[in-house]
Each structure stands twice: as C-alpha cells, then as structure tokens.
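File shown: structure.cif. Contents: mmCIF, C-alpha atoms and all ligand atoms.
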```cif
data_run
loop_
_atom_site.label_atom_id
_atom_site.label_comp_id
_atom_site.auth_asym_id
_atom_site.auth_seq_id
_atom_site.Cartn_x
_atom_site.Cartn_y
_atom_site.Cartn_z
CA MET A 1 3.90 51.50 -4.01
CA GLU A 2 5.45 48.20 -3.10
CA LYS A 3 9.14 48.36 -2.47
CA LYS A 4 11.26 45.78 -4.20
CA ARG A 5 14.63 44.65 -3.09
CA ILE A 6 17.06 44.02 -5.90
CA MET A 7 20.01 41.75 -5.23
CA PHE A 8 22.88 43.26 -7.09
CA SER A 9 25.92 41.19 -7.80
CA ARG A 10 29.08 41.84 -9.74
CA LYS A 11 28.12 39.00 -12.08
CA MET A 12 25.26 41.10 -13.38
CA LEU A 13 27.83 43.40 -14.92
CA ILE A 14 29.48 40.62 -16.88
CA SER A 15 28.01 40.09 -20.30
CA GLU A 16 28.50 38.60 -23.76
CA PRO A 17 30.62 37.58 -25.58
CA TYR A 18 31.68 34.58 -23.43
CA ILE A 19 34.85 32.77 -24.37
CA TYR A 20 36.87 30.02 -22.66
CA CYS A 21 38.40 31.18 -19.36
CA PRO A 22 42.22 31.02 -19.39
CA ARG A 23 42.13 29.71 -15.77
CA CYS A 24 39.16 27.35 -15.33
CA HIS A 25 38.65 26.61 -19.06
CA GLN A 26 34.86 26.97 -18.93
CA LYS A 27 33.05 29.14 -21.46
CA THR A 28 32.32 31.71 -18.78
CA PHE A 29 34.84 34.43 -19.58
CA GLY A 30 32.61 37.44 -20.37
CA THR A 31 33.14 41.17 -20.86
CA PHE A 32 32.80 43.48 -17.91
CA VAL A 33 30.16 46.15 -18.57
CA SER A 34 31.80 49.51 -18.08
CA ILE A 35 30.09 52.72 -17.16
CA SER A 36 32.57 55.39 -18.15
CA SER A 37 34.39 55.88 -21.42
CA GLN A 38 37.48 53.76 -21.67
CA GLN A 39 40.85 53.09 -23.25
CA SER A 40 40.75 49.41 -22.35
CA TYR A 41 38.16 46.76 -21.57
CA SER A 42 38.22 43.90 -19.12
CA LYS A 43 36.98 40.37 -19.22
CA GLU A 44 36.01 38.43 -16.15
CA CYS A 45 35.06 34.84 -15.47
CA THR A 46 31.62 34.32 -13.91
CA ALA A 47 32.75 30.93 -12.58
CA CYS A 48 36.19 31.46 -11.05
CA GLY A 49 36.44 35.27 -10.95
CA TYR A 50 39.62 35.43 -13.02
CA SER A 51 39.91 38.80 -14.76
CA ARG A 52 42.11 40.36 -17.35
CA ASN A 53 42.45 43.79 -18.91
CA TYR A 54 42.80 44.39 -22.65
CA PRO A 55 44.00 47.67 -24.12
CA LEU A 56 41.91 49.38 -26.81
CA PRO A 57 43.58 51.34 -29.61
CA GLY A 58 43.03 55.06 -30.05
CA ILE A 59 40.06 55.99 -32.22
CA LYS A 60 38.89 59.09 -34.02
CA LYS A 61 35.15 59.43 -34.41
CA ARG A 62 33.32 61.38 -37.08
CA ILE A 63 31.27 64.21 -35.58
CA VAL A 64 27.74 64.42 -36.92
CA TYR A 65 25.48 67.15 -35.58
CA LEU A 66 21.73 66.68 -35.84
CA ASP A 67 19.38 69.61 -35.78
CA GLN A 68 16.55 69.53 -33.28
CA PHE A 69 13.89 68.61 -35.87
CA VAL A 70 15.81 65.41 -36.67
CA ILE A 71 15.61 64.29 -33.03
CA ASP A 72 11.93 65.26 -33.02
CA ASN A 73 11.24 63.05 -36.03
CA PHE A 74 13.13 60.15 -34.44
CA VAL A 75 10.94 60.43 -31.36
CA LYS A 76 7.77 60.44 -33.45
CA ALA A 77 8.94 57.40 -35.42
CA LEU A 78 10.17 55.43 -32.38
CA ASP A 79 7.54 56.16 -29.75
CA PRO A 80 4.39 54.07 -30.41
CA LYS A 81 2.46 56.30 -27.97
CA HIS A 82 3.28 59.52 -29.77
CA PRO A 83 0.10 61.01 -31.39
CA LYS A 84 2.01 61.51 -34.66
CA HIS A 85 3.63 58.05 -34.62
CA VAL A 86 1.57 56.54 -37.44
CA ALA A 87 2.02 59.59 -39.65
CA ALA A 88 5.76 59.57 -38.92
CA LEU A 89 6.09 55.96 -40.06
CA ARG A 90 4.76 56.92 -43.49
CA GLU A 91 8.11 58.62 -43.93
CA PRO A 92 10.56 55.67 -43.71
CA PHE A 93 13.56 57.99 -44.01
CA TRP A 94 13.69 58.81 -40.31
CA LEU A 95 13.78 55.22 -39.07
CA GLU A 96 16.35 54.39 -41.69
CA VAL A 97 18.60 57.27 -40.58
CA PHE A 98 18.15 56.39 -36.93
CA LYS A 99 19.14 52.76 -37.54
CA LYS A 100 22.31 53.79 -39.34
CA LEU A 101 23.29 56.39 -36.78
CA ASP A 102 22.58 54.06 -33.88
CA VAL A 103 24.79 51.31 -35.31
CA LEU A 104 27.57 53.76 -36.17
CA VAL A 105 27.50 55.19 -32.65
CA ARG A 106 27.77 51.71 -31.15
CA ALA A 107 30.51 50.86 -33.62
CA GLN A 108 32.40 53.81 -32.09
CA LEU A 109 32.70 55.38 -35.53
CA ILE A 110 30.62 58.50 -35.02
CA VAL A 111 29.28 60.67 -32.24
CA CYS A 112 26.31 63.02 -32.51
CA PRO A 113 26.95 65.57 -29.75
CA ASP A 114 23.95 67.07 -28.02
CA SER A 115 23.78 70.68 -26.98
CA PHE A 116 22.00 73.29 -24.99
CA PHE A 117 19.91 73.91 -28.14
CA HIS A 118 18.51 70.35 -27.95
CA ARG A 119 17.62 70.74 -24.31
CA GLU A 120 16.09 74.17 -24.67
CA GLU A 121 14.13 73.34 -27.81
CA SER A 122 12.86 70.08 -26.29
CA GLY A 123 11.38 71.93 -23.31
CA PRO A 124 8.15 73.05 -24.98
CA THR A 125 7.51 69.82 -26.97
CA GLY A 126 5.50 68.13 -24.22
CA TYR A 127 7.66 64.97 -24.50
CA PHE A 128 10.96 66.20 -23.13
CA GLU A 129 12.00 62.85 -21.62
CA SER A 130 11.76 61.04 -24.96
CA MET A 131 13.70 63.81 -26.69
CA GLN A 132 16.42 63.65 -24.04
CA ARG A 133 16.50 59.85 -24.26
CA ILE A 134 17.18 60.01 -28.01
CA TYR A 135 19.70 62.85 -28.14
CA GLU A 136 21.66 61.44 -25.20
CA HIS A 137 21.62 57.97 -26.73
CA LEU A 138 23.21 59.30 -29.91
CA SER A 139 25.55 61.72 -28.13
CA THR A 140 26.70 59.09 -25.59
CA GLY A 141 26.82 61.97 -23.14
CA ILE A 142 29.04 64.26 -25.24
CA THR A 143 27.68 67.81 -25.04
CA PHE A 144 28.81 70.83 -27.02
CA ASP A 145 29.33 74.07 -25.15
CA HIS A 146 26.72 76.82 -25.13
CA GLY A 147 26.94 79.04 -28.23
CA SER A 148 28.09 82.07 -26.22
CA GLU A 149 30.84 79.95 -24.66
CA VAL A 150 32.00 78.78 -28.09
CA ILE A 151 32.26 82.39 -29.32
CA ARG A 152 34.04 83.42 -26.12
CA LYS A 153 36.66 80.70 -26.54
CA GLN A 154 37.19 81.60 -30.20
CA ILE A 155 37.51 85.31 -29.45
CA CYS A 156 39.88 84.88 -26.52
CA GLU A 157 42.18 82.65 -28.57
CA HIS A 158 42.14 85.03 -31.52
CA PHE A 159 42.52 88.08 -29.26
CA GLY A 160 45.64 86.39 -27.83
CA ASN A 161 47.01 86.04 -31.37
CA PHE A 162 46.12 89.69 -32.03
CA LEU A 163 48.07 90.76 -28.93
CA ARG A 164 51.06 88.69 -30.04
CA SER A 165 51.03 90.57 -33.36
CA ALA A 166 49.57 87.57 -35.23
CA PRO A 167 46.07 88.91 -35.95
CA ASP A 168 45.82 86.91 -39.18
CA VAL A 169 46.08 83.58 -37.38
CA ALA A 170 42.51 82.34 -36.90
CA PRO A 171 41.49 80.38 -33.81
CA VAL A 172 41.85 76.61 -34.14
CA THR A 173 38.49 74.83 -34.32
CA LEU A 174 39.22 71.45 -32.75
CA PRO A 175 35.98 69.84 -31.55
CA GLU A 176 37.70 68.77 -28.31
CA LYS A 177 37.80 72.44 -27.34
CA ILE A 178 34.03 72.80 -27.17
CA ALA A 179 32.96 69.26 -26.20
CA GLN A 180 32.26 68.21 -22.65
CA GLY A 181 33.18 64.56 -22.28
CA LYS A 182 35.76 62.38 -24.02
CA LEU A 183 35.04 62.75 -27.71
CA HIS A 184 37.37 60.13 -29.14
CA GLU A 185 37.18 57.36 -26.56
CA TRP A 186 35.47 53.97 -26.47
CA ASN A 187 32.10 54.46 -24.80
CA GLY A 188 31.03 52.79 -21.64
CA ARG A 189 28.43 50.09 -22.18
CA LEU A 190 26.08 51.58 -19.63
CA GLN A 191 24.97 55.16 -19.84
CA ILE A 192 23.99 57.27 -16.88
CA SER A 193 21.39 59.93 -17.53
CA ILE A 194 20.17 62.78 -15.39
CA ASN A 195 16.77 64.27 -16.11
CA MET A 196 17.48 67.80 -17.30
CA LYS A 197 13.87 68.80 -17.91
CA PRO A 198 13.57 72.58 -17.72
CA ARG A 199 11.02 73.98 -15.27
CA ALA A 200 7.74 75.29 -16.72
CA GLU A 201 8.68 78.88 -15.83
CA GLU A 202 12.03 78.43 -17.55
CA VAL A 203 10.28 77.16 -20.69
CA SER A 204 7.84 80.07 -20.83
CA GLU A 205 10.57 82.61 -20.15
CA VAL A 206 12.69 81.21 -22.97
CA MET A 207 9.70 81.26 -25.32
CA GLN A 208 8.89 84.87 -24.44
CA GLY A 209 12.51 85.86 -24.97
CA LYS A 210 12.49 84.17 -28.35
CA ALA A 211 9.26 85.87 -29.38
CA ARG A 212 10.82 89.26 -28.54
CA THR A 213 14.01 88.55 -30.48
CA TYR A 214 11.98 87.35 -33.47
CA GLN A 215 9.92 90.54 -33.33
CA ASN A 216 13.16 92.56 -33.50
CA PHE A 217 14.32 90.40 -36.38
CA LEU A 218 11.09 91.07 -38.31
CA GLU A 219 11.67 94.81 -38.00
CA ILE A 220 15.18 94.38 -39.40
CA PHE A 221 13.82 92.21 -42.19
CA GLU A 222 11.42 95.03 -43.16
CA ARG A 223 14.33 97.49 -43.21
CA TRP A 224 16.36 95.15 -45.46
CA LYS A 225 13.49 95.15 -47.96
CA THR A 226 13.82 98.91 -48.39
CA GLU A 227 17.61 98.92 -48.83
CA THR A 228 17.59 97.78 -52.42
CA GLY A 229 20.80 99.63 -53.29
CA LYS A 230 22.96 97.52 -50.99
CA GLY A 231 24.75 94.33 -51.90
CA PHE A 232 25.84 91.16 -50.10
CA ASP A 233 29.22 92.55 -49.07
CA ASP A 234 27.62 95.65 -47.51
CA TRP A 235 25.47 93.50 -45.24
CA TYR A 236 28.28 91.18 -44.42
CA LYS A 237 30.31 94.20 -43.28
CA GLU A 238 27.35 95.60 -41.36
CA GLU A 239 26.92 92.26 -39.55
CA THR A 240 30.59 91.77 -38.61
CA ASP A 241 30.85 95.41 -37.44
CA GLY A 242 27.61 94.88 -35.58
CA PHE A 243 29.21 92.34 -33.26
CA ALA A 244 31.22 94.98 -31.39
CA THR A 245 28.41 97.55 -31.25
CA GLY A 246 25.91 94.85 -30.26
CA THR A 247 28.18 93.64 -27.45
CA MET A 248 28.64 97.17 -26.12
CA GLY A 249 24.91 97.81 -26.35
CA VAL A 250 24.10 94.70 -24.30
CA ILE A 251 26.64 95.70 -21.63
CA GLN A 252 25.28 99.24 -21.39
CA ASP A 253 21.74 97.95 -21.17
CA PHE A 254 22.72 95.52 -18.40
CA ALA A 255 24.51 98.27 -16.42
CA ARG A 256 21.41 100.47 -16.67
CA ARG A 257 19.01 97.72 -15.55
CA LYS A 258 21.28 96.78 -12.67
CA ALA A 259 21.53 100.41 -11.54
CA GLN A 260 17.75 100.73 -11.62
CA ALA A 261 17.10 97.46 -9.75
CA PRO A 262 17.07 98.92 -6.17
CA GLU A 263 14.59 101.62 -7.14
CA LYS A 264 12.45 99.08 -9.02
CA PHE A 265 12.44 96.87 -5.95
CA LEU A 266 11.16 99.73 -3.75
CA ARG A 267 8.43 100.46 -6.29
CA ASP A 268 7.29 96.93 -7.31
CA GLY A 269 8.53 94.81 -4.41
CA THR A 270 10.29 92.33 -6.75
CA VAL A 271 13.57 92.06 -8.53
CA ASN A 272 13.89 90.38 -11.90
CA LEU A 273 16.91 88.07 -11.80
CA ASN A 274 17.65 88.91 -15.42
CA ASP A 275 18.39 92.46 -14.31
CA LEU A 276 21.15 91.17 -12.03
CA LEU A 277 22.71 88.21 -13.85
CA PRO A 278 25.43 89.38 -16.23
CA PRO A 279 24.71 88.50 -19.90
CA PRO A 280 27.34 86.61 -21.96
CA SER A 281 28.67 89.92 -23.36
CA VAL A 282 29.84 90.90 -19.85
CA TRP A 283 31.58 87.54 -19.42
CA LEU A 284 33.18 87.99 -22.80
CA ILE A 285 34.80 91.29 -21.88
CA GLU A 286 35.97 89.84 -18.55
CA ALA A 287 37.49 86.85 -20.30
CA MET A 288 39.26 89.20 -22.72
CA GLN A 289 40.68 91.15 -19.78
CA TRP A 290 42.12 87.86 -18.46
CA THR A 291 43.57 87.09 -21.87
CA ALA A 292 45.29 90.49 -22.01
CA GLN A 293 46.70 90.01 -18.52
CA LYS A 294 48.00 86.57 -19.44
CA GLU A 295 49.75 88.21 -22.39
CA GLY A 296 51.50 90.52 -19.91
CA ILE A 297 49.40 93.67 -20.23
CA THR A 298 48.93 94.91 -16.69
CA ASP A 299 47.79 98.51 -17.11
CA PRO A 300 43.93 98.42 -17.05
CA ALA A 301 43.67 101.37 -19.45
CA GLU A 302 45.92 99.56 -21.91
CA VAL A 303 43.83 96.38 -21.54
CA PHE A 304 40.65 98.20 -22.55
CA LYS A 305 42.39 100.05 -25.34
CA LYS A 306 43.49 96.70 -26.81
CA ILE A 307 40.04 95.15 -26.37
CA GLY A 308 38.51 98.12 -28.24
CA GLU A 309 41.11 98.00 -31.00
CA TYR A 310 40.50 94.30 -31.48
CA LEU A 311 36.70 94.26 -31.40
CA PHE A 312 36.41 97.19 -33.82
CA SER A 313 39.06 95.85 -36.21
CA ASP A 314 38.25 93.99 -39.41
CA LYS A 315 40.19 90.97 -38.10
CA ILE A 316 37.09 90.00 -36.14
CA GLU A 317 35.81 88.17 -39.21
CA LEU A 318 38.44 85.50 -38.55
CA VAL A 319 36.34 84.40 -35.56
CA PRO A 320 34.31 81.54 -37.11
CA GLY A 321 31.18 82.13 -35.04
CA ILE A 322 31.02 85.79 -36.07
CA ARG A 323 31.90 85.17 -39.70
CA ILE A 324 29.41 82.36 -40.27
CA GLY A 325 26.55 84.16 -38.51
CA SER A 326 27.27 87.33 -40.51
CA LEU A 327 27.32 85.40 -43.79
CA LEU A 328 23.95 83.79 -43.09
CA TYR A 329 22.31 87.09 -42.15
CA ALA A 330 23.90 88.81 -45.14
CA ALA A 331 22.39 86.17 -47.44
CA LEU A 332 18.97 86.70 -45.86
CA ALA A 333 19.31 90.51 -46.14
CA ASP A 334 20.24 90.17 -49.77
CA GLN A 335 17.16 88.05 -50.43
CA ALA A 336 14.93 90.59 -48.65
CA ALA A 337 16.34 93.48 -50.68
CA HIS A 338 15.87 91.61 -53.92
CA GLY A 339 12.31 90.49 -53.87
CA ARG A 340 11.82 88.09 -50.96
CA THR A 341 8.64 89.14 -49.15
CA GLN A 342 8.12 86.30 -46.63
CA PRO A 343 10.50 86.44 -43.67
CA PRO A 344 12.08 83.17 -42.50
CA SER A 345 10.16 81.30 -39.78
CA LYS A 346 10.62 82.07 -36.10
CA GLY A 347 13.34 79.46 -35.66
CA VAL A 348 15.74 81.56 -37.72
CA ILE A 349 17.69 83.11 -34.83
CA VAL A 350 18.26 79.83 -33.02
CA ASP A 351 19.23 78.16 -36.31
CA VAL A 352 21.79 80.82 -37.21
CA ASP A 353 23.12 80.72 -33.66
CA MET A 354 23.45 76.92 -33.70
CA ILE A 355 25.04 76.71 -37.16
CA SER A 356 27.52 79.53 -36.56
CA SER A 357 28.54 78.02 -33.22
CA PHE A 358 29.03 74.39 -34.23
CA LEU A 359 29.57 74.17 -37.99
CA PRO A 360 33.41 74.34 -38.00
CA TYR A 361 33.66 71.57 -35.39
CA CYS A 362 31.59 68.97 -37.26
CA ASP A 363 32.34 66.53 -40.06
CA ALA A 364 28.69 66.59 -41.08
CA MET A 365 25.54 68.41 -40.12
CA PHE A 366 21.91 67.64 -40.87
CA ILE A 367 19.92 70.87 -40.88
CA ASP A 368 16.71 72.22 -42.39
CA LYS A 369 16.37 72.92 -46.08
CA GLU A 370 16.30 76.68 -45.84
CA ASN A 371 19.56 76.90 -43.88
CA ALA A 372 21.21 74.34 -46.13
CA ALA A 373 20.26 76.54 -49.11
CA LEU A 374 21.76 79.61 -47.41
CA LEU A 375 25.02 77.75 -46.81
CA ASP A 376 24.97 76.70 -50.45
CA ASP A 377 24.84 80.33 -51.66
CA GLY A 378 28.06 80.88 -53.61
CA ARG A 379 28.95 84.10 -51.76
CA VAL A 380 28.45 82.39 -48.39
CA LYS A 381 30.38 79.30 -49.44
CA LYS A 382 33.34 81.35 -50.62
CA LYS A 383 33.99 82.89 -47.21
CA LEU A 384 32.74 80.02 -45.02
CA GLY A 385 36.14 78.44 -44.54
CA VAL A 386 34.93 75.05 -43.27
CA GLY A 387 34.85 71.58 -44.83
CA THR A 388 31.73 70.31 -43.10
CA HIS A 389 29.34 68.18 -45.18
CA ILE A 390 25.92 69.80 -45.11
CA TYR A 391 22.83 67.63 -45.47
CA SER A 392 19.13 68.35 -45.39
CA LEU A 393 15.90 66.76 -46.59
CA ARG A 394 16.88 67.96 -50.07
CA ASP A 395 19.61 65.31 -50.22
CA ARG A 396 18.49 62.45 -48.02
CA GLU A 397 19.98 59.77 -50.27
CA ALA A 398 23.37 61.48 -50.09
CA PHE A 399 23.18 61.49 -46.30
CA LEU A 400 22.36 57.79 -46.17
CA SER A 401 25.28 57.00 -48.47
CA TYR A 402 27.57 59.18 -46.39
CA LEU A 403 26.65 57.12 -43.32
CA ASP A 404 27.02 53.84 -45.23
CA GLY A 405 30.44 54.96 -46.37
CA ILE A 406 31.64 55.40 -42.80
CA LEU A 407 30.66 51.82 -41.99
CA THR A 408 32.02 50.20 -45.12
CA THR A 409 35.39 51.94 -45.07
CA ALA A 410 36.19 51.04 -41.45
CA ASP A 411 38.88 48.46 -40.71
CA PRO A 412 37.39 44.94 -40.18
CA LYS A 413 39.71 44.51 -37.16
CA HIS A 414 37.94 47.44 -35.56
CA PHE A 415 34.63 45.54 -35.67
CA GLU A 416 36.21 42.52 -33.94
CA LEU A 417 37.15 44.80 -31.05
CA VAL A 418 33.70 46.35 -31.02
CA GLU A 419 32.22 42.87 -30.72
CA GLN A 420 34.59 41.91 -27.89
CA THR A 421 33.84 45.13 -26.02
CA TYR A 422 30.11 45.52 -26.56
CA GLY A 423 28.91 42.05 -27.45
CA PRO A 424 27.48 40.75 -30.74
CA GLY A 425 24.36 42.89 -30.39
CA TRP A 426 26.14 46.07 -31.40
CA LYS A 427 24.87 45.79 -34.97
CA ASP A 428 21.18 45.47 -34.08
CA PRO A 429 19.53 48.89 -34.12
CA TYR A 430 17.84 49.75 -30.85
CA LEU A 431 14.33 50.34 -32.19
CA THR A 432 12.53 49.68 -28.93
CA ILE A 433 14.40 52.48 -27.19
CA LEU A 434 11.18 54.42 -26.51
CA SER A 435 8.70 51.57 -26.21
CA ARG A 436 10.31 49.97 -23.16
CA SER A 437 10.67 51.37 -19.65
CA ARG A 438 7.26 53.08 -19.49
ZN ZN A 501 37.31 30.93 -14.95
#
```

Please, can you express the file's structure as structure tokens?
Amino acid sequence: MEKKRIMFSRKMLISEPYIYCPRCHQKTFGTFVSISSQQSYSKECTACGYSRNYPLPGIKKRIVYLDQFVIDNFVKALDPKHPKHVAALREPFWLEVFKKLDVLVRAQLIVCPDSFFHREESGPTGYFESMQRIYEHLSTGITFDHGSEVIRKQICEHFGNFLRSAPDVAPVTLPEKIAQGKLHEWNGRLQISINMKPRAEEVSEVMQGKARTYQNFLEIFERWKTETGKGFDDWYKEETDGFATGTMGVIQDFARRKAQAPEKFLRDGTVNLNDLLPPPSVWLIEAMQWTAQKEGITDPAEVFKKIGEYLFSDKIELVPGIRIGSLLYAALADQAAHGRTQPPSKGVIVDVDMISSFLPYCDAMFIDKENAALLDDGRVKKKLGVGTHIYSLRDREAFLSYLDGILTTADPKHFELVEQTYGPGWKDPYLTILSRSR
C-alpha cells in the first residue's frame, strides 16, 4: 500500500463558525476543535493566531439508555451495505429515532451511555465495528460500569449504612457513580475510538456460557410451572433470599475448582483460566471486608459475622440491583405458575441483568416489549422505587414525543452556545455515519 504523508497544521483544528477577529478584524475567528470534554471553548484566528477562551455554563444531560436491539436496528437502517438495510428502511421509526437522538446528543441535552452489554452482545453480530461506531457515537464515550460492579458499589454503600446502624437508608443511585467519563460536560468535537472487538474465542466462550445459563433458567421455569400454590410475594422473597445463597454457592464452587486445578493440570495438561480467575462474588465479599474495615471493624471474625448478618437480612431488598432483578423474576415465575407455557427467549438473563443494573440511573430506557410489560406489572411497579420512563415498540409515538419535548423545552440561549461551540451543523443528523470511511 502506498504511504501518504499528511501535513497536519493547527489550522486544521479550527472550524466554523467564523466571526470577526477582535485583533485583525477579518472574518477568520473560528472555534478550536477540542478532543476531550470541556467546561470552556476557545476561538482562534486562522489569520493572525489570536486566541481567546470562553467559559461554558454547567449542564445536566438527560440519560437515555438504549437496549442492544435498538443499536442493531440503527445499524441496519444506516448501513447501505447491510443485508437487511432495505427491509430496515421499511420501518421508518428507527431512522426517525436515530435523527432525534443524534441531534439531542450534539445539542448536549442527552447522553446514551454504552455498556459492557453493548460490546458483548455486538460480538456475535458479524458487524461489530458498525455497532461500536453507533453506540459510541451516541454515548460520546460515556460507559456504564459492568453489572457486577454496579451491584458491588450499591451493596458496599448500603452495607456501610447497615454497619452505621442505618440499614433503612438505601444506596444513592447517582448516575455519576457508575459512569466512566464526564457525564454532564460539554463534549469534545472530535471523538477518539479504540476498536474493542472481542476475540473469536471470547465470543464463543460467552455464547457457550449464556447457553448454559439459559438451560439452567429453563429448568427453573419448568419448576415454577408446577408451583401453582405460590404467589408473587413468595417468589420475590425467594429471589431476594437467593442472592446470598447464590453468592455463597458461586464462591464455594470457585474454591473447589481452584483446589482441583493442579490435579486437573497433571491429568489433562491444561488449566482453564476460568478455574483460577475469581468470579464477581469473590470480589464482592472482599470489597465488603474493606467496607467493614473502613467502618472500624478490625477483628476478622467480626467482619464475617457482619457480612453474614447483612447478606441474609431482609434489608438486602433495598439494594436496587437485587430488588429490581427479583421483581422481574418474580413476575415471570408468577406467569409460569398461572398458565404461561412458553418460556421467555434466551435473552432473558442478559435483559434482567441489564435492566436491574442500570434502570435507577436513567431518565429513560428503551427496551423490548416483553420487559416493558414486566415492568408495567402493578406488583412490580409498586416496589420498583424508580422514576425512569420506560419505552418500547409498544409506545413508539410516546418515545418520539419525549425526545421532542427535551429539545423544545431547552433554553434558546443554550442553542446559541451549542452553535458557537460545535458549529451550525449540530442540527443536521449524521445519516452518513456508516456509509463513509469504508
Ligand atoms: Zn485575527
């Protein structure tokens, strides 16, 4: 391949809008294109080099989380080379949503954080790069923590309250706590992206793991069907209690596999890394030990006594991730016991995991119809304890109006600043995002 030499000058980073330069009075005073998020922007003259910095006011963005299938539909609608492109265009909804989201993101009014779920679920699609391009474009590089990390943070905070004799004080669900990157800052105009494509082995391992977990779920679903005498509250209790027993089970299983690893190596000549890498449950207990120590408990026996007391107490339902997950499974169990024969599709575990991890941190979420219906179940709603707007394909018009509302209720002065910082093109949706650079 022929090597090209690109002459790079500072002027290339100065862009529209151009106004009259305060020093040389030519219309060459443009905005400097920034890379990182910012609390001010600068203008620089391409003729005389004069520059000046302008402060930007604080902003608070709305947090809108998009399920994986939304990103997938955006890719199909935006990528002319995608085999399902033509079919996707027959459904104008997706392009319409993308346009609105894209403009709102550039108007600095919303952010659609990406997550480990997006990355992992994009692995097997066969068009990972396009998926990453879209979810990073809408997230502007803001990534939510891994689900297990979210739960760990919630538990450690609540465990701290428990140790300070305030077990009824729930952990605070501020999105800043689980977001990597500056959530409420003016974005840089250039975005840097690193290809995070998972390796083929990683993809197949994840898929095998998911198939196993789904198999276990199906067995549980069959059991639910037979337990016709139980009600919603029984399952809810079973699920919240199950968190502690499940955590202990995972730790015991890990200890056993680790202990057997040397013998397995002598026999098979290989060691499975999964037998040696501690699962999130191990990290959780370690983090709780730290929390207890920070609260002044130094005796190791006392630390474990407190951890046990906490995990097996009924206060655990104040942990949002545990409560929401338990509510969703309880609703499914109730359906199974009362006539539902078809189990939910294989995405169910990931969906419950994603919703229970992120729901309390979002202003709005677009998820699939089945999960939206579960969240709409009166018994679920009653205990949910979050104010997030839930949207799905059942209420597409409502979602579009929600997005319109964000744009129309914003302060006109805000848009003047957006134009100064990002140029007049901020309101043109970026529909060629996947047709260029190929
Ligand atoms: Zn000048």

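When CA of Asp334 in chain A is paired with CA of Asp234 in chain A, their separation reads 9.5 Å.
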
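A straight line drawn from CA of Ile349 in chain A to CA of Ile178 in chain A is 20.8 Å long.
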
Select the residues contacting ligand ZN 501 (chain A) at a distance of at most 7 Å, based on all atoms listed in the file, then format the selection as a VMD selection string.
chain A and resid 21 to 26 28 to 29 45 to 50

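Shortest atom-to-atom contact with Glu397 in chain A among A:Val64, A:Ile59, A:Val97, A:Ile355: A:Val97, counting all atoms listed in the file.
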
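Neighbourhood of point (31.7, 87.8, -40.1): residues with an atom at most 7 Å away, counting all atoms listed in the file, are Tyr236, Glu239, Thr240, Glu317, Ile322, Arg323, Ile324, Gly325, Ser326 and Leu327 of chain A.
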
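The closest residue to Ile14 in chain A, picked from A:Pro343, A:Ser148, A:Met196, A:Thr421 and counting all atoms listed in the file, is A:Thr421.
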
Could you check which of A:Met365, A:Ala179, A:Ala107, A:Val350 is closest to Lys413 in chain A, using only C-alpha atoms?
A:Ala107

With all atoms listed in the file as the basis for distance, which of A:Phe32, A:Phe69, A:Phe74, A:Phe93 is at the shortest distance from Asp368 in chain A?
A:Phe69

Just want the 12 Å neighbourhood of range 213-224 of chain A, counted on all atoms listed in the file, with same-chain residues fewer than 4 positions away dropped. Output as a PyMOL selection string.
chain A and resi 206-209+228-232+234-235+238-239+329-350

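Using all atoms listed in the file, the nearest neighbour of Arg189 in chain A within the list A:Gly30, A:Pro55, A:Gly423, A:Gly385 is A:Gly423.
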
Spatial neighbours of Gly160 in chain A, max dist 9 Å, all atoms listed in the file, sep filter under 3 positions, as a list in words
Ile155, Cys156, Glu157, Leu163, Arg164, Ser165, Ala166, Pro167, Met288, Thr291, Ala292, Lys294 and Glu295 of chain A

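Using all atoms listed in the file for every distance, the candidate list A:Lys76, A:Lys27, A:Arg106, A:Arg152 yields A:Arg106 as the residue closest to Leu407 in chain A.
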
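Picture a line from CA of Trp290 in chain A to CA of Val303 in chain A; it runs 9.2 Å.
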
For Leu104 in chain A: contacts at 9 Å, all atoms listed in the file, fewer than 6 positions along chain excluded, given as a ChimeraX atom specification
/A:110-111,403,406-407,427
